[in-house]
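Structure first, then comments.
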Amino acid sequence: MLITNANLITWEPENRILENHAILIQGDRIKEIGTTKSLTAKNPKAKTLDAHGQYVMPGGICAHTHFYGAFARGMAIPGSAPKDFPEILKKLWWPLDRSLDAEAVRYSALVCLVDAIKHGTTTLIDHHASPNSIEGSLDLIADAVEKSGVRASLCYEVTDRDGNEKANAGINENLRFLKRMQTDPHPRLAAAFGLHASLTLSGVTLEACRAAAPEGTSFHVHTAEHDSDEYDSLAKSGMRVIDRLQKHGLLGSRSIAVHGVHFDAREMEILKETETWLTHQPRSNMNNAVGMSAVESMLRLGVKVCLGNDGFSNAMWEEWKTAYLVHKLYHRDPRRMGGYDVQQMAIYNNAALANQFFPAAPIGKIVPGAYADLMFVDYHPYTPMTAGNLPWHIIFGFQQSMVTTTIAAGKVLMKDRLLLTLDETEISARSREVATRVWKKYEEEVAKVS
């Protein structure tokens, strides 16, 4: 396939904006880039996709999300509003995840994948929980991902909050899917080992997870999202969250710590020393009123900070905008969180993390040999746009509605805003029916603990 008449945003380390260029795609990779004139002449029989002067850039990457939370949209929480994050967990998320059956797991993934394709997000790192539908749940999500055409890393959230039997079932689900990916690899699927958070995991369970997981496994765990996680860890072990996870051998160059809002300086140093990734989710942190992690300090320290959405819409430019603005407000200083820091997280660090899971080719850049994961953006700047000022055009100018075409692994998933791999009308209609059942079950779960 030959994409013609495109203005390329390459997102190379030295980013370039190349006008009236073309991309030759062979299989799931970019074979060549050049001017439209030269590549059209060299490939006269290639199937063409005319970008009509739109910007073509690598597809978006989400470093941390929760497909399973999709049915929370519009759902009423019985009783008084939760006063803090621990109450949000107990009143909203834990009863909701206990309300999911196999069909709900499948459709919660499908609606998020529709959303991702519509917003040009082609790689997602998911963290799943469904305590009453554990076995095979990652296969259900994997099937949805495979059908959609995007790429994703999947894991199951191990926790002690539902008892030993379900904690062990969560461990086994991670191990089963890790083995599936090893014995039957898929170019657009990868596996990690999910852990909920220190505050719902005993030392025995942490040790069991480490002992069971193959060497080199990526652990994916929430860390210090609320200060209760730190106090719980201190009470259990005499150590802060990151120190405790390090003691159990769960950190490392393939592992992902999520949030890190309440880290102290030593915890940040441990992340750097162990080369553990950290993901920042500013919209979620605002919504849960948990505070803001010291992202700028960690970036300066050399921590590999990425950008996720924690289950919010897969419109990653919204996370860009929120990250850029909220740190200014939080610190009451307009100099905080510059556009290049947001770019570093969302583009370069996210791509490097994604490459940990999909190492066969470069990801998140337009260069020969890279994965052909792309989006077309119908943006018409009315001021000069350069590689130097691009972050501010994205933050203040780009809108998610401007994404017109999405490509992953060389396959067109959406063309001119028409979805080609998923039927949004059918998925939305069936999801509304499933959500009604989930909401009823949720109310029953809330009543049990009220």
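Within each chain, counting starts at residue 1; across the structure tokens, chains are named A, B, ... in the order shown, with ligands numbered 1 upward in that order.
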Excluding Gly60 in chain A and residues on its chain fewer than 2 positions from it, collect all residues at most 12 Å away from it, counting only C-alpha atoms, and give them as a compact mmCIF listing (two decimals) with C-alpha atoms, in the first residue's frame.
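Dumped everything to out00.txt:
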```txt
# COMPACT_ATOMS: atom_id res chain seq x y z
CA TRP A 11 8.50 11.43 15.59
CA VAL A 56 0.14 11.47 8.88
CA MET A 57 1.82 10.52 12.13
CA PRO A 58 2.41 7.38 14.22
CA CYS A 62 -1.56 4.37 25.89
CA ALA A 63 0.81 3.17 28.61
CA ALA A 116 -9.20 3.74 20.47
CA ILE A 117 -9.50 3.31 16.71
CA LYS A 118 -11.68 6.42 16.39
CA HIS A 119 -9.03 8.42 18.25
CA GLY A 120 -5.99 7.05 16.45
CA THR A 121 -4.68 5.03 19.43
CA THR A 122 -3.10 1.88 18.05
CA THR A 123 -1.22 0.42 21.05
CA LEU A 124 -2.67 -0.09 24.55
CA ILE A 125 -1.31 -1.63 27.74
CA VAL A 150 -4.87 -2.73 17.19
CA ARG A 151 -2.05 -4.09 19.34
CA LEU A 307 1.50 8.65 29.78
CA GLY A 308 -1.61 6.51 30.25
CA ASN A 309 -5.32 7.12 30.73
CA ASN A 314 -8.54 6.52 24.55
CA ALA A 315 -8.14 10.06 23.27
CA MET A 316 -4.51 10.49 24.21
CA TRP A 317 -4.25 14.14 23.20
CA GLU A 318 -6.68 14.81 26.07
CA GLU A 319 -4.04 13.41 28.43
CA TRP A 320 -1.47 15.69 26.79
CA GLN A 343 6.05 15.14 24.42
CA MET A 345 6.27 11.07 28.06
CA ALA A 346 3.58 10.65 25.40
CA ILE A 347 5.80 10.07 22.38
CA TYR A 348 9.31 8.91 23.12
CA ASN A 350 5.55 5.55 25.48
CA ALA A 351 7.13 4.25 22.27
CA ALA A 354 5.65 -0.31 23.76
CA ILE A 363 7.18 1.52 17.08
CA GLY A 364 5.86 5.08 17.31
CA LYS A 365 7.95 6.58 14.52
CA ASP A 373 0.85 2.08 12.91
CA LEU A 374 -0.45 5.42 11.68
CA MET A 375 -3.20 8.00 11.88
CA PHE A 376 -4.34 10.75 9.52
CA VAL A 377 -5.08 14.11 11.13
CA GLN A 400 -9.66 14.17 18.56
CA VAL A 403 -8.49 11.87 13.27
CA THR A 406 -6.32 4.79 11.55
CA ILE A 407 -3.89 2.08 10.45
CA ALA A 408 -2.26 -0.60 12.61
```
*If you run DSSP on the backbone, which residues of range 48-221 of chain A are alpha helix (DSSP H), as a ChimeraX atom specification?*
/A:85-88,94-97,102-118,137-148,164-183,203-212
*Which one is closest to Pro362 in chain A: A:Asp143, A:Met1, A:Glu12, A:Phe219? Count only C-alpha atoms.*
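Result for the nearest residue to Pro362 in chain A: A:Glu12.
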_Using only C-alpha atoms: which of A:Ile242, A:Ala72, A:Ile366, A:Met292 has the shortest distance to Ile88 in chain A_ = A:Ala72
Write out as a tab-separated table (two decimals) with N, CA and C atoms, in the first residue's frame the set of residues from range 238-362 of chain A that DSSP, computed on the backbone, places in strand (DSSP E).
```
chain	number	residue	atom	x	y	z
A	256	ILE	N	6.16	-2.10	35.18
A	256	ILE	CA	5.46	-0.82	35.12
A	256	ILE	C	4.85	-0.50	36.47
A	257	ALA	N	5.26	0.61	37.06
A	257	ALA	CA	4.62	1.16	38.25
A	257	ALA	C	3.65	2.24	37.79
A	258	VAL	N	2.45	2.22	38.33
A	258	VAL	CA	1.39	3.12	37.86
A	258	VAL	C	1.11	4.20	38.91
A	259	HIS	N	1.03	5.43	38.49
A	259	HIS	CA	0.66	6.61	39.29
A	259	HIS	C	1.85	7.20	40.05
A	277	TRP	N	9.57	1.38	34.76
A	277	TRP	CA	8.76	2.40	34.10
A	277	TRP	C	7.71	2.95	35.07
A	278	LEU	N	7.34	4.21	34.90
A	278	LEU	CA	6.24	4.80	35.66
A	278	LEU	C	5.24	5.40	34.67
A	279	THR	N	3.95	5.19	34.90
A	279	THR	CA	2.95	5.81	34.03
A	279	THR	C	2.15	6.86	34.80
A	280	HIS	N	1.92	7.97	34.13
A	280	HIS	CA	1.22	9.14	34.70
A	280	HIS	C	-0.14	9.24	34.04
A	304	LYS	N	11.84	6.71	33.76
A	304	LYS	CA	11.17	6.59	32.46
A	304	LYS	C	9.66	6.77	32.68
A	305	VAL	N	9.20	8.01	32.61
A	305	VAL	CA	7.80	8.33	32.87
A	305	VAL	C	7.02	8.32	31.56
A	306	CYS	N	5.92	7.57	31.55
A	306	CYS	CA	5.07	7.45	30.37
A	306	CYS	C	3.70	8.05	30.65
A	307	LEU	N	2.83	8.05	29.65
A	307	LEU	CA	1.50	8.65	29.78
A	307	LEU	C	0.43	7.60	29.47
```
*Taking only C-alpha atoms into account, which of A:Asn389, A:Asn174, A:Gln54, A:Asn20 comes nearest Leu39 in chain A?*
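Among A:Asn389, A:Asn174, A:Gln54, A:Asn20, it is A:Asn20 that comes nearest to Leu39 in chain A.
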Determine, using only C-alpha atoms, which residues of range 289-408 of chain A have any atom at most 10 Å from an atom of range 181-191 of chain A, and tabulate each with its shortest atom pair and distance in Å to one decimal place, rows ordered by chain and then rising number, as CSV.
```
residue,atom,partner,partner_atom,distance
A:Ala354,CA,A:Ala190,CA,9.9
A:Gln356,CA,A:Ala190,CA,9.6
A:Phe357,CA,A:Ala190,CA,5.9
A:Phe358,CA,A:Ala190,CA,7.3
A:Pro359,CA,A:Pro187,CA,9.8
A:Ala360,CA,A:Pro187,CA,8.6
A:Ala408,CA,A:Arg188,CA,9.1
```
*Nearest-residue call for Asp84 in chain A, choices A:Val261, A:Val204, A:Ala289, A:Leu245, using only C-alpha atoms*: A:Ala289
Which residues of range 169-246 of chain A come within 9 Å of range 133-141 of chain A, and what is each one's closest atom pair and distance in Å (one decimal), counting only C-alpha atoms, sorted by chain and residue number, as JSON lines?
```
{"residue": "A:Ala169", "atom": "CA", "partner": "A:Ile134", "partner_atom": "CA", "distance": 6.7}
{"residue": "A:Gly170", "atom": "CA", "partner": "A:Ile134", "partner_atom": "CA", "distance": 6.5}
{"residue": "A:Asn172", "atom": "CA", "partner": "A:Glu135", "partner_atom": "CA", "distance": 8.1}
{"residue": "A:Glu173", "atom": "CA", "partner": "A:Glu135", "partner_atom": "CA", "distance": 5.9}
{"residue": "A:Asn174", "atom": "CA", "partner": "A:Leu138", "partner_atom": "CA", "distance": 8.2}
{"residue": "A:Arg176", "atom": "CA", "partner": "A:Gly136", "partner_atom": "CA", "distance": 8.7}
{"residue": "A:Phe177", "atom": "CA", "partner": "A:Leu138", "partner_atom": "CA", "distance": 6.9}
```
Would you output that residue set with N, CA and C atoms, as a PDB file, in the first residue's frame?
```
ATOM      1  N   ALA A 169      -6.321 -17.825  41.475  1.00  0.00           N
ATOM      2  CA  ALA A 169      -6.886 -17.879  40.120  1.00  0.00           C
ATOM      3  C   ALA A 169      -6.315 -16.759  39.258  1.00  0.00           C
ATOM      4  N   GLY A 170      -6.108 -15.573  39.851  1.00  0.00           N
ATOM      5  CA  GLY A 170      -5.504 -14.465  39.121  1.00  0.00           C
ATOM      6  C   GLY A 170      -4.069 -14.760  38.717  1.00  0.00           C
ATOM      7  N   ASN A 172      -2.852 -17.723  38.210  1.00  0.00           N
ATOM      8  CA  ASN A 172      -2.914 -18.741  37.155  1.00  0.00           C
ATOM      9  C   ASN A 172      -3.338 -18.161  35.813  1.00  0.00           C
ATOM     10  N   GLU A 173      -4.231 -17.163  35.839  1.00  0.00           N
ATOM     11  CA  GLU A 173      -4.656 -16.548  34.579  1.00  0.00           C
ATOM     12  C   GLU A 173      -3.493 -15.811  33.924  1.00  0.00           C
ATOM     13  N   ASN A 174      -2.703 -15.092  34.734  1.00  0.00           N
ATOM     14  CA  ASN A 174      -1.503 -14.447  34.191  1.00  0.00           C
ATOM     15  C   ASN A 174      -0.550 -15.469  33.598  1.00  0.00           C
ATOM     16  N   ARG A 176      -1.151 -18.527  32.566  1.00  0.00           N
ATOM     17  CA  ARG A 176      -1.718 -19.187  31.392  1.00  0.00           C
ATOM     18  C   ARG A 176      -1.545 -18.322  30.149  1.00  0.00           C
ATOM     19  N   PHE A 177      -1.838 -17.011  30.285  1.00  0.00           N
ATOM     20  CA  PHE A 177      -1.745 -16.141  29.116  1.00  0.00           C
ATOM     21  C   PHE A 177      -0.286 -15.887  28.737  1.00  0.00           C
TER      22      PHE A 177
END
```
*What gap, in Å, lies between CA of Phe71 in chain A and CA of Asn285 in chain A?*
19.4 Å
Need the shell around Glu32 in chain A: protein/DNA/RNA residues with any atom at most 9 Å away, counting only C-alpha atoms. Skip same-chain ones fewer than 2 positions apart. Format as a tab-separated table (two decimals) with C-alpha atoms, in the first residue's frame?
```
chain	number	residue	atom	x	y	z
A	22	ALA	CA	4.48	9.23	0.70
A	23	ILE	CA	4.85	6.04	2.74
A	24	LEU	CA	5.26	2.62	1.15
A	25	ILE	CA	3.90	-0.14	3.40
A	26	GLN	CA	4.76	-3.80	2.94
A	30	ILE	CA	7.00	0.76	6.64
A	34	GLY	CA	9.96	9.67	0.11
A	39	LEU	CA	7.52	6.84	-4.63
A	367	VAL	CA	11.05	5.33	9.50
A	368	PRO	CA	11.79	2.42	7.16
A	369	GLY	CA	11.42	-0.87	9.03
```
*With only C-alpha atoms as the atoms that count, which of A:Lys37, A:Arg336, A:Lys448, A:His52 lies nearest to Arg98 in chain A?*
A:Lys448
*Taking only C-alpha atoms into account, which of A:Ala372, A:Met286, A:Met75, A:Leu113 comes nearest Leu2 in chain A?*
A:Ala372
_Residues within 10 Å of range 378-384 of chain A, only C-alpha atoms, excluding chain neighbours under 6 positions, as number ranges by chain_ = A: 51-56, 390, 393-394, 397-405
Write to file, as a short mmCIF file (atom, residue, chain, number, x, y, z; two decimals), in the first residue's frame, the residues of the selection just made, with C-alpha atoms.
```
data_model
loop_
_atom_site.label_atom_id
_atom_site.label_comp_id
_atom_site.auth_asym_id
_atom_site.auth_seq_id
_atom_site.Cartn_x
_atom_site.Cartn_y
_atom_site.Cartn_z
CA ALA A 51 -4.03 11.47 2.42
CA HIS A 52 -5.20 14.63 0.60
CA GLY A 53 -2.67 16.81 2.38
CA GLN A 54 -3.53 15.62 5.89
CA TYR A 55 -0.88 15.12 8.53
CA VAL A 56 0.14 11.47 8.88
CA LEU A 390 4.57 20.97 17.45
CA HIS A 393 -0.04 22.85 18.26
CA ILE A 394 -1.10 19.46 19.63
CA GLY A 397 -4.89 23.03 18.28
CA PHE A 398 -5.32 19.31 17.69
CA GLN A 399 -8.74 17.83 18.45
CA GLN A 400 -9.66 14.17 18.56
CA SER A 401 -12.36 14.75 15.94
CA MET A 402 -9.59 15.53 13.46
CA VAL A 403 -8.49 11.87 13.27
CA THR A 404 -9.92 10.55 9.99
CA THR A 405 -8.02 7.34 9.28
#
```
